[in-house]
$ cat data-v7.cif   # mmCIF, C-alpha atoms and all ligand atoms
data_my_file
#
loop_
_atom_site.label_atom_id
_atom_site.label_comp_id
_atom_site.auth_asym_id
_atom_site.auth_seq_id
_atom_site.Cartn_x
_atom_site.Cartn_y
_atom_site.Cartn_z
CA MET A 53 0.00 0.00 0.00
CA VAL A 54 1.16 3.51 -0.65
CA ALA A 55 -1.27 5.42 1.57
CA ILE A 56 0.57 6.93 4.50
CA SER A 57 -1.60 7.08 7.57
CA GLU A 58 -1.14 8.12 11.15
CA TYR A 59 -3.95 6.12 12.71
CA VAL A 60 -4.50 3.29 10.24
CA LEU A 61 -1.92 0.62 9.43
CA SER A 62 -2.20 -1.58 6.38
CA GLU A 63 -0.33 -4.58 5.11
CA VAL A 64 -0.95 -7.11 2.34
CA LYS A 65 -0.42 -10.81 3.08
CA ASN A 66 -1.24 -13.52 0.53
CA GLY A 67 -3.72 -11.39 -1.34
CA VAL A 68 -5.43 -10.17 1.83
CA LEU A 69 -5.28 -6.59 3.06
CA ILE A 70 -5.00 -6.35 6.84
CA ILE A 71 -6.10 -2.97 8.14
CA THR A 72 -5.39 -2.08 11.76
CA ILE A 73 -6.98 0.93 13.44
CA ASN A 74 -4.02 2.24 15.39
CA ARG A 75 -4.90 4.58 18.26
CA PRO A 76 -4.44 2.14 21.13
CA ASP A 77 -4.01 4.88 23.76
CA LYS A 78 -7.59 5.98 22.93
CA LEU A 79 -8.83 2.41 22.53
CA ASN A 80 -8.82 2.99 18.77
CA ALA A 81 -11.70 5.48 18.97
CA LEU A 82 -12.74 6.77 15.56
CA ASN A 83 -11.84 10.42 15.19
CA LYS A 84 -12.30 12.36 11.96
CA GLN A 85 -8.78 11.68 10.76
CA THR A 86 -9.06 7.93 11.36
CA ILE A 87 -12.28 7.85 9.34
CA GLU A 88 -10.59 9.74 6.48
CA GLU A 89 -7.55 7.48 6.52
CA LEU A 90 -9.62 4.33 6.62
CA HIS A 91 -11.70 5.57 3.71
CA GLU A 92 -8.60 6.40 1.65
CA ILE A 93 -7.08 2.97 2.18
CA LEU A 94 -10.30 1.24 1.24
CA VAL A 95 -10.68 3.35 -1.91
CA GLU A 96 -7.14 2.50 -2.94
CA ALA A 97 -7.53 -1.20 -2.19
CA GLU A 98 -10.73 -1.49 -4.19
CA ASN A 99 -8.73 -1.07 -7.40
CA MET A 100 -6.11 -3.66 -6.50
CA SER A 101 -7.32 -6.58 -8.56
CA ASP A 102 -5.13 -9.18 -6.86
CA LEU A 103 -6.56 -8.38 -3.43
CA ARG A 104 -9.26 -10.90 -2.58
CA ALA A 105 -10.38 -9.84 0.89
CA VAL A 106 -9.83 -7.41 3.74
CA ILE A 107 -9.41 -8.06 7.46
CA LEU A 108 -10.13 -5.13 9.75
CA THR A 109 -8.87 -5.12 13.34
CA GLY A 110 -7.74 -2.87 16.19
CA ALA A 111 -4.25 -2.30 17.57
CA GLY A 112 -3.36 -3.68 20.98
CA GLN A 113 -4.93 -6.35 23.15
CA LYS A 114 -7.75 -4.34 24.62
CA ALA A 115 -9.95 -2.83 21.95
CA PHE A 116 -11.20 -3.31 18.43
CA VAL A 117 -12.70 0.20 18.44
CA ALA A 118 -14.26 1.82 21.54
CA GLY A 119 -16.55 4.03 19.49
CA ALA A 120 -16.63 7.40 17.87
CA ASP A 121 -14.24 9.86 19.50
CA ILE A 122 -16.35 11.35 22.29
CA ALA A 123 -13.92 14.21 22.96
CA GLU A 124 -14.15 15.29 19.34
CA PHE A 125 -17.94 15.58 19.18
CA ALA A 126 -18.50 16.86 22.74
CA ASN A 127 -19.38 20.38 21.61
CA PHE A 128 -21.09 19.61 18.31
CA SER A 129 -24.27 21.40 17.24
CA VAL A 130 -27.34 19.66 15.82
CA GLU A 131 -26.10 20.31 12.29
CA GLN A 132 -22.59 19.03 13.06
CA GLY A 133 -24.08 15.91 14.66
CA LYS A 134 -26.07 15.21 11.53
CA GLN A 135 -23.02 15.72 9.34
CA LEU A 136 -20.91 13.44 11.54
CA SER A 137 -23.42 10.67 11.02
CA SER A 138 -24.02 11.13 7.29
CA LEU A 139 -20.35 11.50 6.46
CA GLY A 140 -19.57 8.39 8.50
CA HIS A 141 -22.25 6.41 6.62
CA PHE A 142 -20.89 7.59 3.30
CA LYS A 143 -17.15 7.21 3.97
CA ILE A 144 -17.06 4.09 6.10
CA PHE A 145 -20.16 2.22 7.17
CA ASN A 146 -22.21 2.01 3.97
CA PHE A 147 -18.97 2.02 2.03
CA ILE A 148 -17.77 -1.13 3.82
CA GLU A 149 -21.15 -2.86 3.61
CA ASN A 150 -21.21 -2.34 -0.16
CA TYR A 151 -17.51 -2.95 -0.73
CA SER A 152 -16.70 -5.14 -3.71
CA LYS A 153 -14.39 -7.42 -1.71
CA PRO A 154 -15.40 -9.26 1.46
CA ILE A 155 -14.37 -7.48 4.67
CA ILE A 156 -13.96 -9.49 7.85
CA ALA A 157 -13.96 -7.77 11.23
CA ALA A 158 -11.42 -9.36 13.58
CA VAL A 159 -12.92 -8.08 16.82
CA ASN A 160 -10.03 -8.26 19.28
CA GLY A 161 -11.54 -6.50 22.32
CA PHE A 162 -14.03 -3.73 23.07
CA ALA A 163 -16.35 -3.03 20.13
CA LEU A 164 -18.55 -0.26 21.44
CA GLY A 165 -20.74 2.30 19.73
CA GLY A 166 -19.13 3.15 16.40
CA GLY A 167 -16.79 0.19 16.98
CA LEU A 168 -19.63 -2.31 17.02
CA GLU A 169 -21.23 -0.41 14.14
CA LEU A 170 -17.98 -0.80 12.22
CA ALA A 171 -17.90 -4.54 12.91
CA MET A 172 -21.56 -4.83 11.90
CA ALA A 173 -20.94 -3.07 8.59
CA CYS A 174 -18.37 -5.77 7.75
CA HIS A 175 -19.56 -8.90 5.98
CA ILE A 176 -18.29 -11.38 8.60
CA ARG A 177 -17.33 -10.99 12.26
CA VAL A 178 -14.77 -13.15 14.07
CA VAL A 179 -14.59 -12.25 17.74
CA SER A 180 -11.98 -13.03 20.39
CA ASP A 181 -13.20 -14.47 23.67
CA ASN A 182 -12.20 -11.35 25.65
CA ALA A 183 -14.32 -9.04 23.46
CA LYS A 184 -17.15 -6.94 24.85
CA MET A 185 -19.72 -5.52 22.47
CA GLY A 186 -22.42 -2.94 22.89
CA LEU A 187 -24.09 0.25 21.76
CA PRO A 188 -23.75 2.47 24.85
CA GLU A 189 -24.78 5.73 23.16
CA VAL A 190 -27.88 6.32 25.30
CA SER A 191 -25.53 6.59 28.29
CA LEU A 192 -24.20 9.73 26.58
CA GLY A 193 -27.62 11.11 25.64
CA VAL A 194 -27.35 10.22 21.97
CA ILE A 195 -28.36 7.25 19.85
CA PRO A 196 -26.21 5.08 17.58
CA GLY A 197 -25.53 7.15 14.47
CA TYR A 198 -23.42 4.92 12.26
CA GLY A 199 -26.11 2.45 11.26
CA GLY A 200 -26.34 0.67 14.61
CA THR A 201 -30.09 0.99 15.04
CA GLN A 202 -30.60 -0.69 11.69
CA ARG A 203 -27.82 -3.27 11.41
CA LEU A 204 -28.08 -4.56 14.98
CA ALA A 205 -31.76 -5.34 14.46
CA GLN A 206 -30.91 -7.04 11.14
CA LEU A 207 -28.31 -9.24 12.82
CA VAL A 208 -29.83 -10.10 16.21
CA GLY A 209 -33.54 -9.33 15.68
CA LYS A 210 -35.62 -6.43 16.91
CA GLY A 211 -36.12 -7.65 20.49
CA LYS A 212 -32.45 -8.10 21.34
CA ALA A 213 -31.58 -4.89 19.46
CA PHE A 214 -34.05 -2.95 21.59
CA GLU A 215 -32.58 -4.49 24.72
CA MET A 216 -28.97 -3.73 23.80
CA VAL A 217 -29.64 -0.16 22.66
CA ILE A 218 -32.04 0.78 25.48
CA THR A 219 -30.03 -0.73 28.35
CA ALA A 220 -26.63 0.20 26.81
CA ASP A 221 -25.41 -3.16 28.19
CA MET A 222 -22.29 -4.79 26.80
CA ILE A 223 -22.45 -8.43 25.84
CA ASN A 224 -19.64 -10.96 25.82
CA ALA A 225 -18.32 -12.98 22.89
CA GLN A 226 -20.34 -16.12 23.67
CA ASP A 227 -23.61 -14.20 23.79
CA ALA A 228 -22.65 -12.39 20.58
CA TYR A 229 -22.16 -15.80 18.96
CA LYS A 230 -25.42 -17.15 20.37
CA TRP A 231 -27.34 -14.14 19.05
CA GLY A 232 -25.80 -14.17 15.57
CA LEU A 233 -23.65 -11.09 16.02
CA ALA A 234 -20.42 -13.11 15.82
CA ASN A 235 -19.81 -15.74 13.15
CA TYR A 236 -17.03 -17.33 15.21
CA VAL A 237 -15.39 -16.94 18.62
CA THR A 238 -11.68 -17.73 19.07
CA THR A 239 -8.92 -16.96 21.52
CA GLN A 240 -7.12 -13.70 20.91
CA ASP A 241 -4.07 -15.67 19.69
CA GLU A 242 -6.12 -17.55 17.12
CA LEU A 243 -8.17 -14.61 15.92
CA LEU A 244 -6.24 -13.73 12.77
CA ASN A 245 -5.67 -17.39 11.88
CA LYS A 246 -9.41 -17.96 11.92
CA CYS A 247 -9.84 -14.93 9.65
CA PHE A 248 -7.18 -16.27 7.28
CA GLU A 249 -8.93 -19.63 7.21
CA ILE A 250 -11.99 -17.78 5.87
CA THR A 251 -10.04 -15.56 3.46
CA ASN A 252 -8.25 -18.64 2.05
CA LYS A 253 -11.62 -20.04 1.06
CA ILE A 254 -12.65 -16.70 -0.43
CA ALA A 255 -9.40 -16.47 -2.42
CA SER A 256 -10.09 -19.71 -4.28
CA LYS A 257 -13.55 -18.57 -5.45
CA SER A 258 -14.69 -16.22 -8.20
CA PRO A 259 -14.09 -12.57 -7.22
CA THR A 260 -16.69 -11.49 -9.76
CA ALA A 261 -19.35 -13.77 -8.33
CA ILE A 262 -18.44 -12.77 -4.75
CA LYS A 263 -18.75 -9.08 -5.62
CA THR A 264 -22.16 -9.75 -7.14
CA ALA A 265 -23.28 -11.84 -4.16
CA ILE A 266 -22.44 -8.96 -1.79
CA LYS A 267 -24.45 -6.59 -3.96
CA VAL A 268 -27.47 -8.89 -4.14
CA ILE A 269 -27.58 -9.82 -0.44
CA ASN A 270 -27.43 -6.11 0.42
CA ALA A 271 -30.22 -5.39 -2.09
CA GLY A 272 -32.57 -7.43 0.08
CA TYR A 273 -32.01 -4.95 2.93
CA ASN A 274 -32.55 -1.90 0.74
CA ASN A 275 -36.17 -0.73 0.90
CA SER A 276 -36.02 0.82 -2.54
CA LEU A 277 -34.99 -2.45 -4.22
CA ASN A 278 -36.54 -5.87 -4.67
CA GLY A 279 -33.81 -8.34 -3.72
CA PHE A 280 -35.35 -11.17 -5.74
CA GLU A 281 -35.50 -9.06 -8.88
CA VAL A 282 -31.90 -7.92 -8.40
CA GLU A 283 -30.94 -11.56 -7.95
CA ILE A 284 -32.61 -12.61 -11.22
CA GLU A 285 -30.86 -9.81 -13.07
CA GLU A 286 -27.42 -10.46 -11.58
CA PHE A 287 -27.73 -14.23 -11.88
CA GLY A 288 -28.29 -13.76 -15.60
CA LYS A 289 -25.33 -11.40 -15.92
CA SER A 290 -23.04 -13.98 -14.27
CA PHE A 291 -23.35 -16.12 -17.40
CA GLY A 292 -21.57 -13.42 -19.38
CA THR A 293 -18.47 -13.29 -17.16
CA ALA A 294 -15.03 -14.78 -17.73
CA ASP A 295 -15.16 -16.23 -14.21
CA PHE A 296 -18.29 -18.21 -15.13
CA LYS A 297 -16.58 -19.68 -18.21
CA GLU A 298 -13.53 -20.54 -16.11
CA GLY A 299 -15.50 -21.99 -13.17
CA VAL A 300 -17.76 -24.20 -15.27
CA GLY A 301 -14.92 -25.10 -17.65
CA ALA A 302 -12.72 -26.18 -14.73
CA PHE A 303 -15.52 -28.30 -13.28
CA LEU A 304 -16.16 -30.08 -16.57
CA GLU A 305 -12.43 -30.59 -17.18
CA LYS A 306 -12.00 -31.83 -13.59
CA ARG A 307 -9.37 -29.24 -12.72
CA LYS A 308 -9.08 -26.43 -10.19
CA ALA A 309 -10.52 -23.13 -11.37
CA ASP A 310 -8.13 -20.23 -11.79
CA PHE A 311 -10.33 -17.16 -11.42
CA LYS A 312 -9.03 -13.83 -12.62
CA GLY A 313 -12.00 -11.71 -11.54
N1 LIG B 1 -13.72 8.35 22.54
C1 LIG B 1 -12.64 9.03 22.96
N2 LIG B 1 -11.76 8.51 23.83
C2 LIG B 1 -11.99 7.27 24.27
C3 LIG B 1 -13.10 6.51 23.88
C4 LIG B 1 -13.99 7.11 22.97
N3 LIG B 1 -15.07 6.47 22.50
N4 LIG B 1 -13.07 5.32 24.52
C5 LIG B 1 -11.95 5.33 25.27
N5 LIG B 1 -11.31 6.49 25.13
C6 LIG B 1 -10.04 6.92 25.79
C7 LIG B 1 -10.27 7.31 27.22
O1 LIG B 1 -10.74 8.65 27.32
C8 LIG B 1 -8.86 7.15 27.76
O2 LIG B 1 -8.08 8.24 27.35
P1 LIG B 1 -7.08 8.99 28.41
O3 LIG B 1 -6.12 7.92 28.83
O4 LIG B 1 -6.45 10.06 27.60
O5 LIG B 1 -7.95 9.46 29.53
C9 LIG B 1 -8.35 5.93 27.00
O6 LIG B 1 -9.15 5.83 25.84
C10 LIG B 1 -8.47 4.63 27.77
O7 LIG B 1 -9.83 4.48 28.17
P2 LIG B 1 -10.28 4.23 29.69
O8 LIG B 1 -11.70 4.70 29.83
O9 LIG B 1 -9.29 4.80 30.63
O10 LIG B 1 -10.21 2.63 29.77
P3 LIG B 1 -11.04 1.68 30.73
O11 LIG B 1 -10.41 0.34 30.60
O12 LIG B 1 -11.17 2.27 32.09
O13 LIG B 1 -12.51 1.63 30.10
C11 LIG B 1 -14.12 1.49 28.30
C12 LIG B 1 -12.73 1.07 28.83
C13 LIG B 1 -14.22 1.00 26.88
C14 LIG B 1 -15.21 0.82 29.15
C15 LIG B 1 -14.26 3.03 28.39
O14 LIG B 1 -13.13 3.62 27.78
C16 LIG B 1 -15.50 3.58 27.71
O15 LIG B 1 -16.59 3.47 28.24
N6 LIG B 1 -15.32 4.18 26.53
C17 LIG B 1 -16.39 4.85 25.82
C18 LIG B 1 -17.26 3.84 25.11
C19 LIG B 1 -18.42 4.53 24.42
O16 LIG B 1 -19.28 5.11 25.05
N7 LIG B 1 -18.45 4.44 23.08
C20 LIG B 1 -19.49 5.00 22.31
C21 LIG B 1 -19.16 6.38 21.84
S1 LIG B 1 -20.49 7.08 20.91
#

$ encode --input "data-v7.cif" --output "structure tokens"
Amino acid sequence: MVAISEYVLSEVKNGVLIITINRPDKLNALNKQTIEELHEILVEAENMSDLRAVILTGAGQKAFVAGADIAEFANFSVEQGKQLSSLGHFKIFNFIENYSKPIIAAVNGFALGGGLELAMACHIRVVSDNAKMGLPEVSLGVIPGYGGTQRLAQLVGKGKAFEMVITADMINAQDAYKWGLANYVTTQDELLNKCFEITNKIASKSPTAIKTAIKVINAGYNNSLNGFEVEIEEFGKSFGTADFKEGVGAFLEKRKADFKG
């Protein structure tokens, strides 16, 4: 990667981009600069055709991301609050959800407020057994503003989402797994290995089809679209791709597919 960032580290390993939010002394809280840097790295990585997936994690042993930077928004006006939310949606949260490559959150500790919202915007969540997750915004007199009210309900159902948001309680990794918020729970030592196990599978599949699958699954959660109709359309388009020719050809020739995307 060429992007030079103060609060976001990035490294490519075996076709996977590992992004680390790096403000451990502030528990990796998302300030404006971190959001900008994260956005820039993701924009740059989207055009790297040999990158097959992204893993997003937090620096240190204690936190994934402990939320939006409270000190930074402490004196915001109504208008600034609205801008904070809409810019965040645009630059990070919706951007990640609709990213063309799968993004896995490696949740290595506290994922609170914007931190849990960040993990929820990712396509898959692997959580270490020390992690604590919650949306504590009502303790501060605000509500979740980076998609938390919507994505938490999508992942855990409306009842549990109400409970978590209204009580501001944190839940542990096992409960997150039980409720569908975490795909897997591992030890902190095993966290990245588990993510690589998933990205290895992704890397052997068609990038074109994966990109389309992300688009179509998301379409089902978009009120202005009909997910089934988008699926029909995109399914049809798949037949015109080089990856389809390669995938089906490899199957019929009894060889391993070599997808170029
Ligand atoms: N924004 C800004 N700074 C934050 C932060 C946030 N969301 N979360 C933690 N920090 C900072 C603390 O202010 C502290 O900085 P300091 O050393 O300069 O005082 C540092 O990170 C370490 O946090 P600290 O509170 O001392 O750690 P702890 O182990 O006692 O508590 C938490 C950990 C996560 C329980 C606690 O930091 C917390 O409640 N954070 C806020 C979580 C939150 O409400 N997030 C939603 C924001 S909308």

$ residues_near_point --input "data-v7.cif" --point "(-3.7, -7.1, -3.1)" --cutoff "7 Å" --atoms "all atoms listed in the file" --output "list in words"
Val64, Gly67, Val68, Leu69, Met100, Ser101, Asp102, Leu103 and Arg104 of chain A

$ write_last_selection --input "data-v7.cif" --atoms "C-alpha atoms" --output "PDB file, keeping the file's coordinate frame"
ATOM      1  CA  VAL A  64      -0.950  -7.110   2.340  1.00  0.00           C
ATOM      2  CA  GLY A  67      -3.720 -11.390  -1.340  1.00  0.00           C
ATOM      3  CA  VAL A  68      -5.430 -10.170   1.830  1.00  0.00           C
ATOM      4  CA  LEU A  69      -5.280  -6.590   3.060  1.00  0.00           C
ATOM      5  CA  MET A 100      -6.110  -3.660  -6.500  1.00  0.00           C
ATOM      6  CA  SER A 101      -7.320  -6.580  -8.560  1.00  0.00           C
ATOM      7  CA  ASP A 102      -5.130  -9.180  -6.860  1.00  0.00           C
ATOM      8  CA  LEU A 103      -6.560  -8.380  -3.430  1.00  0.00           C
ATOM      9  CA  ARG A 104      -9.260 -10.900  -2.580  1.00  0.00           C
TER      10      ARG A 104
END

$ residues_near_point --input "data-v7.cif" --point "(-19.4, -6.5, -4.4)" --cutoff "9 Å" --atoms "all atoms listed in the file" --output "list in words"
Glu149, Asn150, Tyr151, Ser152, Lys153, Pro154, Pro259, Thr260, Ala261, Ile262, Lys263, Thr264, Ala265, Ile266, Lys267 and Val268 of chain A

$ residues_near_ligand --input "data-v7.cif" --ligand "ligand LIG 1 (chain B)" --cutoff "12 Å" --atoms "all atoms listed in the file" --output "ChimeraX atom specification"
/A:75-84,112-126,133,136-137,161-170,183-198,200,217,220-222

$ atom_distance --input "data-v7.cif" --atom1 "CA of Trp231 in chain A" --atom2 "CA of Asp181 in chain A"
14.9 Å

$ atom_distance --input "data-v7.cif" --atom1 "CA of Val300 in chain A" --atom2 "CA of Lys257 in chain A"
12.1 Å

$ closest_residue --input "data-v7.cif" --among "A:Leu108, A:Val208, A:Met216, A:Ala173" --to "Lys230 in chain A" --atoms "only C-alpha atoms"
A:Val208

$ closest_residue --input "data-v7.cif" --among "A:Asn74, A:Asn99, A:Asn270, A:Ser290" --to "Gln206 in chain A" --atoms "all atoms listed in the file"
A:Asn270

$ atom_distance --input "data-v7.cif" --atom1 "CA of Ser258 in chain A" --atom2 "CA of Gly292 in chain A"
13.4 Å

$ closest_residue --input "data-v7.cif" --among "A:Glu131, A:Glu298, A:Glu286, A:Asp310" --to "Ala255 in chain A" --atoms "all atoms listed in the file"
A:Asp310
